[in-house]
>>> print(open('my_file_20.txt').read())   # compact mmCIF, C-alpha atoms
# COMPACT_ATOMS: atom_id res chain seq x y z
CA MET A 15 101.86 171.82 132.23
CA VAL A 16 104.77 173.72 133.77
CA THR A 17 104.35 177.49 133.58
CA THR A 18 106.61 180.46 134.23
CA ALA A 19 104.36 181.37 137.17
CA GLN A 20 105.89 178.51 139.14
CA GLN A 21 108.88 179.90 140.97
CA ASN A 22 110.11 176.96 143.02
CA PHE A 23 109.74 174.25 140.36
CA LYS A 24 109.17 171.47 142.87
CA HIS A 25 109.13 168.07 141.22
CA THR A 26 105.49 167.39 140.48
CA ASP A 27 104.71 164.14 138.68
CA LYS A 28 104.29 166.03 135.41
CA GLU A 29 107.62 167.81 135.75
CA LYS A 30 109.44 164.63 136.71
CA GLU A 31 107.90 162.77 133.78
CA ALA A 32 108.75 165.61 131.41
CA LEU A 33 112.36 165.85 132.54
CA ARG A 34 112.87 162.13 132.17
CA PHE A 35 111.20 162.06 128.79
CA PHE A 36 113.11 164.89 127.23
CA ASN A 37 116.45 163.61 128.45
CA MET A 38 115.97 159.92 127.76
CA SER A 39 114.44 160.00 124.31
CA THR A 40 116.47 158.92 121.31
CA SER A 41 113.59 159.27 118.87
CA TYR A 42 114.28 161.04 115.60
CA GLU A 43 110.70 162.04 114.83
CA TYR A 44 109.70 165.63 114.23
CA ARG A 45 106.27 166.59 115.54
CA SER A 46 104.33 169.70 114.63
CA ASP A 47 100.69 169.16 115.56
CA ARG A 48 98.77 168.81 118.81
CA VAL A 49 97.47 165.30 118.17
CA SER A 50 100.95 164.00 117.46
CA ALA A 51 102.21 165.82 120.51
CA VAL A 52 99.69 164.04 122.72
CA GLU A 53 100.98 160.71 121.42
CA PHE A 54 104.55 161.91 121.80
CA TYR A 55 104.04 162.78 125.46
CA GLU A 56 102.64 159.26 126.00
CA GLY A 57 99.85 159.58 128.52
CA TRP A 58 99.39 163.34 128.64
CA ALA A 59 95.93 164.63 127.85
CA GLU A 60 95.40 167.09 125.02
CA GLU A 61 94.21 169.75 127.45
CA ASP A 62 97.66 169.68 129.04
CA LEU A 63 99.13 171.16 125.86
CA PRO A 64 99.12 174.78 124.69
CA ALA A 65 96.44 175.81 122.21
CA GLN A 66 98.86 176.51 119.39
CA PRO A 67 100.82 173.78 117.58
CA ILE A 68 103.88 172.42 119.35
CA TRP A 69 107.14 172.14 117.47
CA LEU A 70 109.55 169.62 118.89
CA LEU A 71 113.19 169.97 117.87
CA LYS A 72 116.05 167.55 118.40
CA ARG A 73 119.06 168.82 120.29
CA THR A 74 122.15 167.36 121.95
CA ILE A 75 123.28 167.95 125.52
CA THR A 76 126.83 166.98 126.45
CA LEU A 77 127.48 165.57 129.91
CA GLY A 78 131.10 164.78 130.53
CA ASN A 79 132.35 162.97 127.44
CA LYS A 80 128.96 161.74 126.27
CA ASP A 81 126.34 163.39 124.12
CA PHE A 82 122.67 162.93 125.02
CA VAL A 83 120.14 163.50 122.27
CA THR A 84 117.09 165.29 123.67
CA TRP A 85 113.98 167.03 122.40
CA ALA A 86 113.05 170.62 123.20
CA ILE A 87 109.77 172.43 122.80
CA ALA A 88 110.35 175.24 120.34
CA ASN A 89 107.61 177.66 121.37
CA ASP A 90 106.15 179.01 124.63
CA CYS A 91 106.99 175.96 126.78
CA ARG A 92 110.61 175.65 125.80
CA ALA A 93 111.92 178.03 128.43
CA GLU A 94 110.18 176.16 131.22
CA PHE A 95 111.68 172.81 130.28
CA GLN A 96 115.06 174.44 129.75
CA HIS A 97 114.78 175.82 133.28
CA ILE A 98 114.06 172.35 134.63
CA TRP A 99 117.07 170.91 132.84
CA ASP A 100 119.41 173.72 133.82
CA ASN A 101 118.35 173.44 137.47
CA ARG A 102 117.97 169.68 137.62
CA ILE A 103 120.29 169.28 140.63
CA ASP A 104 118.28 171.74 142.76
CA ILE A 105 114.96 170.36 141.58
CA PHE A 106 115.58 166.65 141.86
CA GLY A 107 118.71 166.36 143.97
CA GLY A 108 121.72 164.35 142.81
CA SER A 109 122.30 163.58 139.18
CA VAL A 110 119.77 162.94 136.45
CA PHE A 111 120.01 159.38 135.19
CA ALA A 112 119.72 159.13 131.42
CA ASN A 113 118.91 155.56 130.45
CA MET A 114 119.47 155.42 126.70
CA GLN A 115 120.12 151.79 125.77
CA SER A 116 119.14 148.19 126.46
CA PHE A 117 120.64 144.95 125.15
CA LEU A 118 118.90 142.70 122.61
CA PHE A 119 119.29 138.91 122.94
CA ASP A 120 118.51 136.80 119.87
CA GLY A 121 117.38 133.68 121.74
CA VAL A 122 119.82 131.58 119.73
CA ASN A 123 123.23 131.96 121.34
CA ASP A 124 123.54 135.53 122.70
CA HIS A 125 124.33 135.75 126.40
CA ILE A 126 126.28 137.75 128.95
CA LEU A 127 128.44 136.20 131.67
CA THR A 128 129.56 137.87 134.88
CA PRO A 129 132.70 136.23 136.29
CA HIS A 130 132.43 134.55 139.68
CA ASN A 131 133.35 136.73 142.62
CA ALA A 132 132.77 136.30 146.35
CA ILE A 133 130.76 139.52 146.63
CA ILE A 134 128.04 138.15 144.33
CA ASP A 135 128.13 134.62 145.78
CA PHE A 136 125.66 134.39 148.66
CA ASP A 137 125.38 131.62 151.22
CA ARG A 138 122.00 130.42 152.48
CA LEU A 139 121.96 132.81 155.47
CA GLU A 140 122.88 135.89 153.44
CA PRO A 141 120.08 138.16 152.14
CA HIS A 142 120.23 139.48 148.60
CA THR A 143 118.14 140.99 145.80
CA THR A 144 118.36 140.76 142.02
CA LEU A 145 116.67 143.20 139.63
CA LEU A 146 116.26 142.88 135.86
CA TRP A 147 114.15 144.75 133.29
CA ILE A 148 112.80 142.43 130.57
CA ASN A 149 110.86 142.86 127.34
CA THR A 150 109.94 139.70 125.42
CA VAL A 151 107.17 138.20 123.30
CA LYS A 152 108.62 134.70 123.19
CA THR A 153 106.11 132.07 124.34
CA SER A 154 105.87 128.28 124.61
CA ALA A 155 109.47 127.92 125.73
CA VAL A 156 111.46 128.21 128.94
CA GLN A 157 113.71 131.28 129.14
CA ILE A 158 116.47 131.80 131.67
CA LEU A 159 116.59 135.33 133.08
CA TRP A 160 119.66 134.78 135.24
CA GLU A 161 121.52 131.85 136.74
CA LYS A 162 124.52 131.30 139.01
CA THR A 163 125.07 127.60 139.51
CA LEU A 164 127.80 125.00 139.73
CA THR A 165 126.77 121.32 139.76
CA ASN A 166 123.85 121.21 142.23
CA ASP A 167 124.14 124.48 144.13
CA GLY A 168 123.31 128.06 143.18
CA ARG A 169 120.37 130.26 142.25
CA PHE A 170 118.32 131.12 139.16
CA ALA A 171 115.15 132.72 137.81
CA ASP A 172 113.31 131.37 134.74
CA ILE A 173 110.22 132.18 132.75
CA LEU A 174 108.45 128.86 132.24
CA ALA A 175 106.76 127.80 129.01
CA ASN A 176 103.32 128.68 130.44
CA GLY A 177 104.45 132.20 131.37
CA ASP A 178 104.93 131.47 135.08
CA LEU A 179 108.05 132.57 136.93
CA ARG A 180 110.23 130.00 138.71
CA ILE A 181 112.69 131.09 141.39
CA GLU A 182 115.13 128.66 142.96
CA ILE A 183 118.04 128.64 145.41
CA ARG A 184 119.92 125.34 145.72
CA GLY A 185 122.20 123.84 148.32
CA THR A 186 124.72 121.09 147.68
CA GLY A 187 122.54 118.31 149.06
CA GLY A 188 120.51 117.50 145.97
CA THR A 189 116.78 117.57 145.26
CA GLY A 190 115.59 118.02 148.86
CA ASP A 191 118.04 120.80 149.65
CA ARG A 192 116.56 123.80 147.89
CA LEU A 193 113.95 126.53 147.80
CA ARG A 194 111.78 126.50 144.69
CA ILE A 195 108.70 128.65 144.18
CA ASP A 196 106.45 128.99 141.13
CA ILE A 197 104.53 132.20 140.53
CA THR A 198 101.79 133.09 138.08
CA PRO A 199 102.47 136.81 137.54
CA ASP A 200 99.67 139.35 137.95
CA VAL A 201 100.54 140.62 134.47
CA ASP A 202 101.70 138.87 131.31
CA ILE A 203 105.45 139.39 131.35
CA ARG A 204 105.72 138.17 127.75
CA ASN A 205 103.49 140.86 126.24
CA GLY A 206 106.18 142.88 124.47
CA ARG A 207 106.24 145.60 127.15
CA TRP A 208 108.89 146.38 129.74
CA HIS A 209 108.58 144.71 133.14
CA LEU A 210 110.90 144.89 136.13
CA VAL A 211 111.48 141.46 137.67
CA GLY A 212 112.78 141.58 141.22
CA VAL A 213 113.68 138.69 143.50
CA SER A 214 114.53 139.13 147.18
CA TYR A 215 115.69 136.58 149.73
CA ASP A 216 115.86 137.21 153.49
CA GLY A 217 118.46 134.60 154.46
CA SER A 218 116.01 132.46 156.43
CA SER A 219 116.63 129.22 154.46
CA ASN A 220 112.83 128.98 154.07
CA ALA A 221 110.64 129.43 150.99
CA SER A 222 108.63 132.07 152.84
CA GLY A 223 111.73 134.28 152.71
CA LEU A 224 112.01 134.05 148.92
CA ARG A 225 109.80 136.61 147.17
CA ALA A 226 109.24 137.82 143.63
CA TYR A 227 108.10 141.25 142.48
CA ILE A 228 106.84 142.38 139.08
CA ASP A 229 106.82 146.12 138.39
CA GLY A 230 107.21 146.84 142.10
CA VAL A 231 104.29 144.61 143.14
CA GLU A 232 104.85 141.54 145.29
CA GLN A 233 103.57 138.41 143.57
CA THR A 234 101.54 135.62 145.14
CA VAL A 235 103.31 132.27 145.21
CA ARG A 236 101.26 129.68 143.32
CA ASP A 237 103.25 126.67 144.44
CA VAL A 238 106.04 126.04 146.94
CA VAL A 239 107.70 123.14 145.14
CA THR A 240 110.53 122.59 147.62
CA ASP A 241 111.06 124.26 151.00
CA GLY A 242 114.23 124.02 153.07
CA LEU A 243 117.87 124.92 152.51
CA LEU A 244 120.17 122.66 154.51
CA THR A 245 123.68 123.22 153.15
CA THR A 246 125.80 125.95 151.61
CA THR A 247 124.68 127.69 148.44
CA LEU A 248 128.12 129.11 147.72
CA ASN A 249 129.52 128.10 144.34
CA GLY A 250 132.19 129.13 141.87
CA GLY A 251 129.90 129.51 138.89
CA ASP A 252 129.62 132.61 136.75
CA ILE A 253 126.34 134.50 136.45
CA GLY A 254 124.61 133.99 133.15
CA TRP A 255 122.25 136.76 132.01
CA GLY A 256 119.83 135.34 129.46
CA SER A 257 121.45 131.91 129.80
CA ASN A 258 122.76 129.48 132.37
CA SER A 259 126.16 129.88 134.03
CA VAL A 260 128.06 128.48 131.06
CA GLY A 261 126.04 130.24 128.38
CA ASN A 262 123.78 127.36 127.38
CA SER A 263 120.05 127.06 126.69
CA PRO A 264 117.24 127.75 127.33
CA ARG A 265 118.29 131.27 126.38
CA PHE A 266 116.30 134.48 126.67
CA GLU A 267 114.96 136.21 123.55
CA GLY A 268 114.20 139.92 123.72
CA PHE A 269 115.50 143.01 125.49
CA LEU A 270 117.20 143.07 128.88
CA ASP A 271 118.15 146.21 130.77
CA GLN A 272 119.68 147.27 134.08
CA PRO A 273 120.63 143.88 135.61
CA ALA A 274 121.64 144.57 139.20
CA ILE A 275 122.42 142.70 142.42
CA PHE A 276 122.26 144.02 145.98
CA ASN A 277 123.49 142.29 149.13
CA ALA A 278 120.28 143.15 150.97
CA ASP A 279 116.70 141.95 151.26
CA PHE A 280 114.54 144.63 149.62
CA THR A 281 111.30 145.74 151.20
CA LEU A 282 108.20 146.41 149.14
CA ALA A 283 109.02 150.12 149.26
CA ASP A 284 112.52 149.40 147.94
CA HIS A 285 111.07 147.52 144.96
CA GLU A 286 108.56 150.28 144.32
CA GLU A 287 111.35 152.85 144.23
CA ALA A 288 113.38 150.70 141.85
CA TYR A 289 110.39 150.40 139.51
CA ASP A 290 109.62 154.14 139.77
CA ALA A 291 106.42 154.11 137.71
CA GLY A 292 108.06 152.25 134.84
CA PHE A 293 111.23 154.31 134.39
CA ALA A 294 114.63 152.70 134.84
CA THR A 295 116.42 154.43 137.70
CA ASP A 296 119.95 155.10 138.87
CA TYR A 297 120.53 152.31 141.38
CA SER A 298 123.54 154.11 142.81
CA GLN A 299 121.07 156.77 144.01
CA HIS A 300 118.53 154.41 145.59
CA SER A 301 117.43 156.16 148.78
CA ASN A 302 117.69 153.09 151.00
CA GLN A 303 119.83 150.50 149.21
CA SER A 304 122.50 152.33 147.20
CA GLY A 305 125.20 151.25 149.67
CA ASN A 306 124.29 147.61 149.11
CA LEU A 307 124.70 147.66 145.32
CA VAL A 308 127.30 145.05 144.30
CA LEU A 309 126.69 144.66 140.54
CA TRP A 310 124.99 146.82 137.90
CA TYR A 311 125.11 146.85 134.10
CA ASP A 312 123.32 149.78 132.47
CA PHE A 313 124.51 149.19 128.86
CA GLU A 314 125.13 152.93 128.50
CA THR A 315 128.90 153.20 128.21
CA PRO A 316 130.19 150.01 126.60
CA LEU A 317 133.92 149.44 126.68
CA ALA A 318 135.60 147.75 123.74
CA HIS A 319 133.08 145.15 122.64
CA PRO A 320 132.29 142.59 124.05
CA ILE A 321 133.03 143.98 127.54
CA ILE A 322 130.03 145.22 129.57
CA PRO A 323 131.19 147.65 132.28
CA ASP A 324 130.00 147.27 135.85
CA ARG A 325 128.69 150.56 137.26
CA SER A 326 128.52 149.40 140.87
CA GLY A 327 132.16 150.31 141.46
CA ASN A 328 133.22 146.69 141.97
CA SER A 329 134.72 146.24 138.48
CA LEU A 330 132.81 143.03 137.78
CA ASP A 331 132.68 143.69 134.06
CA GLY A 332 130.68 141.19 132.05
CA THR A 333 131.36 139.69 128.64
CA ALA A 334 128.81 139.43 125.82
CA PHE A 335 129.18 136.22 123.83
CA ASN A 336 128.17 135.50 120.22
CA THR A 337 127.40 139.18 119.68
CA LEU A 338 128.61 141.75 117.16
CA GLY A 339 128.28 144.97 119.13
CA ASN A 340 125.07 146.09 117.43
CA GLU A 341 122.88 144.62 120.17
CA TYR A 342 122.71 147.95 122.05
CA LYS A 343 119.22 149.27 121.32
CA THR A 344 117.27 152.42 122.14
CA GLU A 345 114.22 150.40 123.25
CA ILE A 346 114.17 151.27 126.96
CA PRO A 347 111.86 151.22 129.99
CA ASN A 348 110.17 154.62 129.74
CA GLY A 349 106.86 154.34 131.53
CA PRO A 350 103.92 151.95 131.73
>>> encode(input="my_file_20.txt", output="structure tokens")
Amino acid sequence: MVTTAQQNFKHTDKEKEALRFFNMSTSYEYRSDRVSAVEFYEGWAEEDLPAQPIWLLKRTITLGNKDFVTWAIANDCRAEFQHIWDNRIDIFGGSVFANMQSFLFDGVNDHILTPHNAIIDFDRLEPHTTLLWINTVKTSAVQILWEKTLTNDGRFADILANGDLRIEIRGTGGTGDRLRIDITPDVDIRNGRWHLVGVSYDGSSNASGLRAYIDGVEQTVRDVVTDGLLTTTLNGGDIGWGSNSVGNSPRFEGFLDQPAIFNADFTLADHEEAYDAGFATDYSQHSNQSGNLVLWYDFETPLAHPIIPDRSGNSLDGTAFNTLGNEYKTEIPNGP
């Protein structure tokens, strides 16, 4: 627990977790006992809490033109957390990223399309990485996570009916001109918890250069179905999030958050930083790859529905189809 005796307030794991929690929460519960407080902190032990009851009060902090609902401790610990918030730039460096919303897909016809643009259209020799937080319980059906295809060529990532992950990059030459790998994830990615799916490609045109990561951990390839890109993978298709490139089935059902594309091949360390112990992070502040960010939807500041603003700076705003505007949800990646 943070105490007033700490003068420098360096970012210990507890402090970092606390700052994120108090400035990401959109819960409306009111807690007044130690047992509830332990649950509320999610993972903190009871001995980490003061002996007396803890009263947690809702408050609102305004940053720019947006209000962030936060919780404050109302007794002896409140000043310490207030100090962390007030000095967040000195403590953590840069800005504090407040992830407040995800997007809920109904699995019927909801989907988001990103319009084709050359900066998100990679040829077979160009490295790139795609990141996407998912939360689903749908089983016994294929679900598209993302896809950018046109006729034969393009790229996609699917959850298969058995829970495996299929990653594919296609050239224009048909069945033999593609990379396709199947992965049995180390964890069940359909268990109703948040998981960060990351796919990186090194531009080698070989299946060995196509890798998948779940929650920052590189996954073992179960089967190399096809190995060898021979022709261009460039195509004019849109990117479908939760659907194919024209919004068709098999669609995703559940929550998606923070879809992002980088024009770089991430290392293991890069994926670990993006996962950040289960908390969605500000990709524009990634220590190694921020300059390679070419697309990012955070679902935090929607424009007039159904437009999804791109936070990468490239103005590749997406469009949500078959939605009403109430799909923005406070279910967010907030720790394992």
>>> atom_distance(input="my_file_20.txt", atom1="atom CA of A:Leu145", atom2="atom CA of A:Ile275")
6.4 Å
>>> atom_distance(input="my_file_20.txt", atom1="atom CA of A:Ile253", atom2="atom CA of A:Gly268")
18.4 Å
>>> closest_residue(input="my_file_20.txt", among="A:Asn262, A:Thr247, A:Ser329, A:Thr198", to="A:His125", atoms="all atoms listed in the file")
A:Asn262
>>> atom_distance(input="my_file_20.txt", atom1="atom CA of A:Val235", atom2="atom CA of A:Ile134")
25.4 Å
>>> closest_residue(input="my_file_20.txt", among="A:Thr165, A:Asn205, A:Asn302, A:Thr153", to="A:Gly187", atoms="all atoms listed in the file")
A:Thr165
>>> closest_residue(input="my_file_20.txt", among="A:Thr344, A:Ser218, A:Thr163, A:Ser304", to="A:His130", atoms="all atoms listed in the file")
A:Thr163
>>> closest_residue(input="my_file_20.txt", among="A:Asp191, A:Asp216, A:Asp200, A:Asp229", to="A:Ala288", atoms="all atoms listed in the file")
A:Asp229
>>> closest_residue(input="my_file_20.txt", among="A:Arg207, A:Lys152, A:His142, A:Lys162", to="A:Gly261", atoms="only C-alpha atoms")
A:Lys162
>>> residues_around(input="my_file_20.txt", residues="A:Ile181", least_positions_apart="5", cutoff="8 Å", atoms="all atoms listed in the file", output="ChimeraX atom specification")
/A:169-172,193-196,213,226
>>> residues_around(input="my_file_20.txt", residues="A:Val260", least_positions_apart="6", cutoff="12 Å", atoms="only C-alpha atoms", output="ChimeraX atom specification")
/A:123-130,160-165,250-254,333,335
>>> residues_near_point(input="my_file_20.txt", point="(112.6, 147.8, 145.4)", cutoff="10 Å", atoms="all atoms listed in the file", output="list in words")
Thr143, Thr144, Leu145, Leu210, Gly212, Val213, Ser214, Tyr227, Asp229, Gly230, Val231, Glu232, Asp279, Phe280, Thr281, Leu282, Ala283, Asp284, His285, Glu286, Glu287, Ala288, Tyr289, Asp290, Tyr297, His300, Asn302 and Gln303 of chain A
>>> closest_residue(input="my_file_20.txt", among="A:Thr245, A:Gln233, A:Ser257, A:Thr240", to="A:Asn166", atoms="all atoms listed in the file")
A:Thr245
